[in-house]
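Please read the structure below before turning to the comments.
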Amino acid sequence: MTRVPGCFVGLCTVDLEYVVHEFPPPNQKVSALRQELSAGGPAANAAITFAFLGGAASLVTALGGHAIAAIAREDLEKYKVQVHDLVQEPSAAPAISSICVHAGTGERTIVSANARAQSASPDEFDPEVVSRAKILLVDGHHMALCVAAARVARQAGVTVVLDGGSWKEGMPGLLPYVDIAICSEDFTSPIALRDQELAKIAITRGAKPILWSTPESAGEIPVRRIEPKDTSGAGDILHGAFCWAYTSGYDFTKALEFASGIATESCLHYGTRSWMSRRQS
């Protein structure tokens, strides 16, 4: 069976997640109930999800050769994600995300350096990585690289999906190349997405229904009600699942429904990978 190629451009972090009974107050310590260590970041988590579901994923990012980066590389290799590392400072440590998840509510707190920890070099970007893909996801981190990839995709007729977790500097230069924008309600765009002539838009709102619109119609997709254990990476997983479903022949709303189901399933387990193990068993 042929694996559909997808390209994911943006952030890759090393995620260290703790599950705790309570969040530590100032100047206090708490013992973790469990810990998870994996690759993270919107583009990386989406790429791994896409690959797990059956796609051939390429990740274009800035990771580097620091010893800590090996943690992310091992996770990406496990899921057969091909990494194209365009880091400018190979010896620098990669972005690290520290995550605390409340065992009782599934709520989380996150501290991350994001793309500030590493710089990517758009000049080293290989356009064939995008042009041979069927879909491209950009997350807005390493913005110059995202714009360069999206421009190539538009010229090659490759569908461009935006993971709009939050508004980022340089976004107006990226939006003209985007075909599908799937944004969180925290995206808070200072410009109307519809005015950008995007073909398809979806707004995710946690446990509330997903809002979607096209030039012809609009509607809502209900989200299954659960008691979440951990919502970490759920949006990233949704984007990766959407890309796989869309390239597999699902239409826009059916792909959103499928992706919502996968993201909801992930919230029933700790970390961003446990749902995969349960799905395989």
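Each chain in the structure tokens gets a letter, A, B and so on, in the order shown; residues start at 1 in every chain, and ligands are counted from 1 in the order they appear.
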
Backbone-only DSSP, alpha helix (DSSP H) members of stretch 60-258 of chain A, as a PyMOL selection string: chain A and resi 69-78+128-131+143-156+171-174+234-247+252-258

Tell me, as a list in words, which residues lie within 12 Å of A:Gly249, counting only C-alpha atoms; anything in the same chain fewer than 6 positions away does not count.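 Those residues are Val4, Lys134, Phe242, Cys243, Ala255 and Phe258 of chain A.
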
Write the residues you've just listed into a file as a PDB file, in the first residue's frame, and include C-alpha atoms for each of them.
```
ATOM      1  CA  VAL A   4       0.766   9.336   0.823  1.00  0.00           C
ATOM      2  CA  LYS A 134       0.411  15.888  -1.442  1.00  0.00           C
ATOM      3  CA  PHE A 242      -6.795  15.994   9.406  1.00  0.00           C
ATOM      4  CA  CYS A 243      -3.921  16.001   6.897  1.00  0.00           C
ATOM      5  CA  ALA A 255     -11.727  15.019   7.629  1.00  0.00           C
ATOM      6  CA  PHE A 258     -12.191  12.146  11.821  1.00  0.00           C
TER       7      PHE A 258
END
```

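The residue that comes closest to A:Ala115, out of A:Gly140, A:Pro209, A:Gly233, A:Pro90 and on the basis of only C-alpha atoms, is A:Gly140.
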
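If you look at atom CA of A:Pro42 and atom CA of A:Glu197, they are 24.3 Å away from each other.
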
One-decimal distance in Å that lies between atom CA of A:Ile48 and atom CA of A:Ile99: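 These atoms are spaced 19.2 Å apart.
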
Quick check for you: according to DSSP on this backbone, which residues of stretch 12-254 of chain A are classed as strand (DSSP E)? Reply as a ChimeraX atom specification. /A:13-20,34-40,56-61,82-85,96-102,108-112,135-138,159-164,180-184,200-205,208-213,218-221

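Within 8 Å of stretch 18-34 of chain A there are A:Ile99, A:Cys100, A:Val101, A:His102, A:Ala103, A:Gly104, counting only C-alpha atoms and ignoring same-chain residues fewer than 5 positions away.
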
Residue subset to file, keeping N, CA, C and O atoms, as a tab-separated table (two decimals), in the first residue's frame:
```
chain	number	residue	atom	x	y	z
A	99	ILE	N	6.17	20.63	30.83
A	99	ILE	CA	4.71	20.55	30.90
A	99	ILE	C	4.30	19.89	32.21
A	99	ILE	O	4.82	18.83	32.57
A	100	CYS	N	3.38	20.51	32.92
A	100	CYS	CA	2.77	19.90	34.10
A	100	CYS	C	1.29	19.66	33.81
A	100	CYS	O	0.57	20.59	33.40
A	101	VAL	N	0.86	18.44	34.03
A	101	VAL	CA	-0.54	18.07	33.81
A	101	VAL	C	-1.17	17.71	35.15
A	101	VAL	O	-0.62	16.88	35.90
A	102	HIS	N	-2.31	18.30	35.46
A	102	HIS	CA	-3.02	18.02	36.70
A	102	HIS	C	-3.75	16.70	36.56
A	102	HIS	O	-4.59	16.53	35.67
A	103	ALA	N	-3.45	15.75	37.45
A	103	ALA	CA	-4.02	14.40	37.35
A	103	ALA	C	-5.53	14.39	37.54
A	103	ALA	O	-6.21	13.52	37.01
A	104	GLY	N	-6.06	15.36	38.24
A	104	GLY	CA	-7.49	15.36	38.51
A	104	GLY	C	-8.33	15.99	37.43
A	104	GLY	O	-9.47	15.58	37.19
```
